[in-house]
Amino acid sequence: MTLPTAQMLHPDASGIGQAAQLLTKGGLVAFPTETVYGLGVRADDDEAVARLYAAKGRPSFNPLIVHVPDLEAARRLVAFEDAAERLAAAFWPGALTLVLPLRDGAGVSPLVTAGLPSLAVRVPDHGLAAQLLRAVGLPIAAPSANPSGQVSPTRAAHVADGLGDSIAAILDGGDCAVGLESTIVGFSGGQPALLRPGGLPVEAIEACLGQPLLRPQDGPLPNAPGQLASHYAPKGTVRLNAVEIDAGETLLGFGPVAATVNLSESGDLVEAAAGLFAALHRLNALGADRIAVSPIPETGLGRAINDRLRRAAAPR
Ligand code: TXA
Ligand code: MG
């Protein structure tokens, strides 16, 4: 076993300062956001971004989300249209990523966009992330801080387990409040489209826009390219909608059921979302090799929870 080499940084002025310095020098630094921990790198440095892809073992066709401290910083990178303006005003900072046309001269490495003419941007709703982004003063590309295809991290120890020997530092901000990656909305042909369900419920976005989002089932969409069928995979196999468990299975419960790990005994989708990835990490630690999952309703955050679980259950 390789010993972790990443420096664990405290959530204080000195930790933020060190994290900012490492990022400025092109280092890979994991930091907390309200959704999941991101693995940050300066978005203008080809070589540093290439090292990030290598550290994650990420297919290079899969573009990255750029993180900025506020809307003004986002405007320097992408062109906003009306619907995007409304969503940013309503939900930033927050668990919403907007995919918009990249501006000429934005200075973002083509490795970040994987050569696409669009860029995914978001303003995270997390005090430490905001302070770090302001301290660095550069757009920071940050995928979830996990090896490609594995479970996303919602606490510093998850990052250390997965990537501790291949990154410079981890800014420890405790547990992520939302626990699911951001919802991604793109605008193709002027129509807002859901590219990935996530921590901001689709219902809230549609209420703000006063119109439904296009969905992948509405026709061929430039779906978020990172939406690989098998993703978020724990070590064990995953069986969904389990109303009873078979011999040898470990139950990941939802609602009032006797389970080894329960996402929410009271059936609260917000609680379930916040604890989903920690639950999968816990099942890995327990050595669960066949995981059965209770049915979870397909409403609000349940859509994003089920999306992640379907990918966790997909053939690998
Ligand atoms: O909550 C989050 O979004 C977290 C935190 C760290 O901010 N980040 C995250 O990044 O989930 P990642 O790399 O694991 O997922 C990024 C997703 C991928 O599915 C990718 O394909 C999509 O965003 N994406 C990025 N740029 C895109 C673009 N230009 N067009 C369409 N999809 C894009
Ligand atoms: Mg990810």
# chains A, B, ... in the order shown; residues from 1 in each chain; ligands from 1

$ residues_near_ligand --ligand "ligand 1" --cutoff "6 Å" --atoms "only C-alpha atoms and all ligand atoms" --output "MDAnalysis selection string"
chainID A and resid 35:38 62:65 99 113 116 118:120 142:144 181:182 224:227

$ write_last_selection --atoms "N, CA and C atoms" --output "PDB file, in the first residue's frame"
ATOM      1  N   THR A  35     -21.493  20.651  -2.639  1.00  0.00           N
ATOM      2  CA  THR A  35     -21.965  19.419  -3.287  1.00  0.00           C
ATOM      3  C   THR A  35     -21.065  18.245  -2.913  1.00  0.00           C
ATOM      4  N   VAL A  36     -19.845  18.225  -3.450  1.00  0.00           N
ATOM      5  CA  VAL A  36     -18.852  17.199  -3.139  1.00  0.00           C
ATOM      6  C   VAL A  36     -17.491  17.894  -3.121  1.00  0.00           C
ATOM      7  N   TYR A  37     -16.435  17.183  -2.694  1.00  0.00           N
ATOM      8  CA  TYR A  37     -15.087  17.753  -2.780  1.00  0.00           C
ATOM      9  C   TYR A  37     -14.656  17.799  -4.247  1.00  0.00           C
ATOM     10  N   GLY A  38     -14.055  18.917  -4.642  1.00  0.00           N
ATOM     11  CA  GLY A  38     -13.512  19.043  -5.981  1.00  0.00           C
ATOM     12  C   GLY A  38     -12.005  18.901  -5.949  1.00  0.00           C
ATOM     13  N   ASN A  62     -13.596  13.922 -21.459  1.00  0.00           N
ATOM     14  CA  ASN A  62     -14.583  14.327 -20.462  1.00  0.00           C
ATOM     15  C   ASN A  62     -14.220  15.691 -19.882  1.00  0.00           C
ATOM     16  N   PRO A  63     -14.937  16.767 -20.290  1.00  0.00           N
ATOM     17  CA  PRO A  63     -14.529  18.111 -19.888  1.00  0.00           C
ATOM     18  C   PRO A  63     -14.825  18.410 -18.410  1.00  0.00           C
ATOM     19  N   LEU A  64     -14.246  19.514 -17.936  1.00  0.00           N
ATOM     20  CA  LEU A  64     -14.283  19.856 -16.512  1.00  0.00           C
ATOM     21  C   LEU A  64     -15.140  21.090 -16.253  1.00  0.00           C
ATOM     22  N   ILE A  65     -15.650  21.200 -15.022  1.00  0.00           N
ATOM     23  CA  ILE A  65     -16.394  22.385 -14.600  1.00  0.00           C
ATOM     24  C   ILE A  65     -15.403  23.400 -14.026  1.00  0.00           C
ATOM     25  N   VAL A  99     -23.746  25.405 -18.725  1.00  0.00           N
ATOM     26  CA  VAL A  99     -22.857  25.196 -19.876  1.00  0.00           C
ATOM     27  C   VAL A  99     -23.203  26.259 -20.910  1.00  0.00           C
ATOM     28  N   THR A 113     -12.067  22.081 -21.647  1.00  0.00           N
ATOM     29  CA  THR A 113     -13.320  21.943 -22.403  1.00  0.00           C
ATOM     30  C   THR A 113     -13.320  20.691 -23.274  1.00  0.00           C
ATOM     31  N   LEU A 116     -14.403  21.450 -26.741  1.00  0.00           N
ATOM     32  CA  LEU A 116     -15.759  21.928 -27.056  1.00  0.00           C
ATOM     33  C   LEU A 116     -15.768  23.462 -27.102  1.00  0.00           C
ATOM     34  N   SER A 118     -18.005  25.178 -25.781  1.00  0.00           N
ATOM     35  CA  SER A 118     -18.750  25.601 -24.592  1.00  0.00           C
ATOM     36  C   SER A 118     -17.919  25.333 -23.346  1.00  0.00           C
ATOM     37  N   LEU A 119     -18.305  26.007 -22.254  1.00  0.00           N
ATOM     38  CA  LEU A 119     -17.614  25.806 -20.983  1.00  0.00           C
ATOM     39  C   LEU A 119     -18.658  25.644 -19.875  1.00  0.00           C
ATOM     40  N   ALA A 120     -18.421  24.707 -18.975  1.00  0.00           N
ATOM     41  CA  ALA A 120     -19.285  24.518 -17.804  1.00  0.00           C
ATOM     42  C   ALA A 120     -18.731  25.369 -16.661  1.00  0.00           C
ATOM     43  N   ALA A 142     -12.367  21.998 -11.610  1.00  0.00           N
ATOM     44  CA  ALA A 142     -12.422  21.008 -10.529  1.00  0.00           C
ATOM     45  C   ALA A 142     -13.469  19.939 -10.778  1.00  0.00           C
ATOM     46  N   PRO A 143     -13.010  18.736 -11.153  1.00  0.00           N
ATOM     47  CA  PRO A 143     -13.910  17.584 -11.162  1.00  0.00           C
ATOM     48  C   PRO A 143     -14.055  17.091  -9.729  1.00  0.00           C
ATOM     49  N   SER A 144     -14.983  16.191  -9.502  1.00  0.00           N
ATOM     50  CA  SER A 144     -15.077  15.585  -8.181  1.00  0.00           C
ATOM     51  C   SER A 144     -13.740  14.897  -7.866  1.00  0.00           C
ATOM     52  N   GLU A 181     -23.421  15.938  -6.720  1.00  0.00           N
ATOM     53  CA  GLU A 181     -22.858  16.929  -7.623  1.00  0.00           C
ATOM     54  C   GLU A 181     -23.939  17.885  -8.122  1.00  0.00           C
ATOM     55  N   SER A 182     -23.467  19.000  -8.647  1.00  0.00           N
ATOM     56  CA  SER A 182     -24.380  20.034  -9.136  1.00  0.00           C
ATOM     57  C   SER A 182     -25.257  19.524 -10.281  1.00  0.00           C
ATOM     58  N   ALA A 224     -24.166  15.700 -21.085  1.00  0.00           N
ATOM     59  CA  ALA A 224     -22.875  15.895 -20.432  1.00  0.00           C
ATOM     60  C   ALA A 224     -22.002  14.691 -20.755  1.00  0.00           C
ATOM     61  N   PRO A 225     -20.885  14.915 -21.454  1.00  0.00           N
ATOM     62  CA  PRO A 225     -20.099  13.783 -21.939  1.00  0.00           C
ATOM     63  C   PRO A 225     -19.575  12.884 -20.821  1.00  0.00           C
ATOM     64  N   GLY A 226     -19.521  13.410 -19.591  1.00  0.00           N
ATOM     65  CA  GLY A 226     -19.007  12.587 -18.495  1.00  0.00           C
ATOM     66  C   GLY A 226     -20.013  11.604 -17.963  1.00  0.00           C
ATOM     67  N   GLN A 227     -21.208  11.594 -18.581  1.00  0.00           N
ATOM     68  CA  GLN A 227     -22.261  10.727 -18.085  1.00  0.00           C
ATOM     69  C   GLN A 227     -22.042   9.296 -18.550  1.00  0.00           C
TER      70      GLN A 227
END

$ select_by_dssp --residues "stretch 32-278 of chain A" --states "alpha helix (DSSP H)" --output "number ranges by chain"
A: 46-56, 71-75, 82-91, 110-113, 127-136, 156-163, 202-209, 269-278

$ closest_residue --among "A:Leu111, A:Leu52, A:Leu100, A:Leu171" --to "A:Asp12" --atoms "only C-alpha atoms"
A:Leu171

$ closest_residue --among "A:Leu96, A:Leu200, A:Leu39, A:Leu276" --to "ligand 2" --atoms "only C-alpha atoms and all ligand atoms"
A:Leu39

$ residues_around --residues "stretch 124-134 of chain A" --least-positions-apart "3" --cutoff "6 Å" --atoms "only C-alpha atoms" --output "ChimeraX atom specification"
/A:16,33-34,69,93-94,137

$ residues_around --residues "A:Leu87" --least-positions-apart "5" --cutoff "8 Å" --atoms "only C-alpha atoms" --output "PyMOL selection string"
chain A and resi 92+205+208-209

$ atom_distance --atom1 "atom CA of A:Ala79" --atom2 "atom CA of A:Asp104"
9.9 Å

$ residues_around --residues "A:Val257" --least-positions-apart "5" --cutoff "12 Å" --atoms "only C-alpha atoms" --output "ChimeraX atom specification"
/A:242-245,251-252,262-267,293-295

$ atom_distance --atom1 "atom CA of A:Arg122" --atom2 "atom CA of A:Leu98"
6.5 Å

$ residues_around --residues "A:Arg58" --least-positions-apart "5" --cutoff "8 Å" --atoms "only C-alpha atoms" --output "PyMOL selection string"
chain A and resi 53+147-148

$ write_last_selection --atoms "C-alpha atoms" --output "PDB file, in the first residue's frame"
ATOM      1  CA  TYR A  53      -6.512  13.988 -15.817  1.00  0.00           C
ATOM      2  CA  PRO A 147     -10.477   8.336  -9.102  1.00  0.00           C
ATOM      3  CA  SER A 148     -12.477   8.243 -12.353  1.00  0.00           C
TER       4      SER A 148
END

$ atom_distance --atom1 "atom CA of A:Arg311" --atom2 "atom CA of A:Val202"
19.0 Å

$ closest_residue --among "A:Leu309, A:Leu180, A:Val49, A:Ala88" --to "ligand 2" --atoms "only C-alpha atoms and all ligand atoms"
A:Leu180

$ residues_around --residues "A:Val185" --least-positions-apart "6" --cutoff "6 Å" --atoms "only C-alpha atoms" --output "tab-separated table (two decimals) with all heavy atoms, in the first residue's frame"
chain	number	residue	atom	x	y	z
A	98	LEU	N	-23.81	25.81	-15.26
A	98	LEU	CA	-24.36	26.27	-16.54
A	98	LEU	C	-23.32	26.02	-17.63
A	98	LEU	O	-22.14	26.37	-17.46
A	98	LEU	CB	-24.68	27.76	-16.47
A	98	LEU	CG	-25.74	28.15	-15.44
A	98	LEU	CD1	-25.88	29.67	-15.35
A	98	LEU	CD2	-27.10	27.52	-15.79
A	193	ALA	N	-31.67	22.83	-21.34
A	193	ALA	CA	-31.75	21.37	-21.30
A	193	ALA	C	-31.04	20.83	-20.06
A	193	ALA	O	-30.00	21.35	-19.65
A	193	ALA	CB	-31.10	20.78	-22.55
A	194	LEU	N	-31.62	19.80	-19.48
A	194	LEU	CA	-31.01	19.15	-18.32
A	194	LEU	C	-29.94	18.19	-18.81
A	194	LEU	O	-30.23	17.20	-19.46
A	194	LEU	CB	-32.08	18.37	-17.54
A	194	LEU	CG	-31.58	17.60	-16.33
A	194	LEU	CD1	-31.12	18.55	-15.23
A	194	LEU	CD2	-32.65	16.65	-15.82
A	195	LEU	N	-28.66	18.47	-18.50
A	195	LEU	CA	-27.57	17.58	-18.91
A	195	LEU	C	-27.20	16.58	-17.82
A	195	LEU	O	-26.66	15.53	-18.10
A	195	LEU	CB	-26.34	18.40	-19.31
A	195	LEU	CG	-26.54	19.43	-20.42
A	195	LEU	CD1	-25.20	20.04	-20.82
A	195	LEU	CD2	-27.22	18.84	-21.63
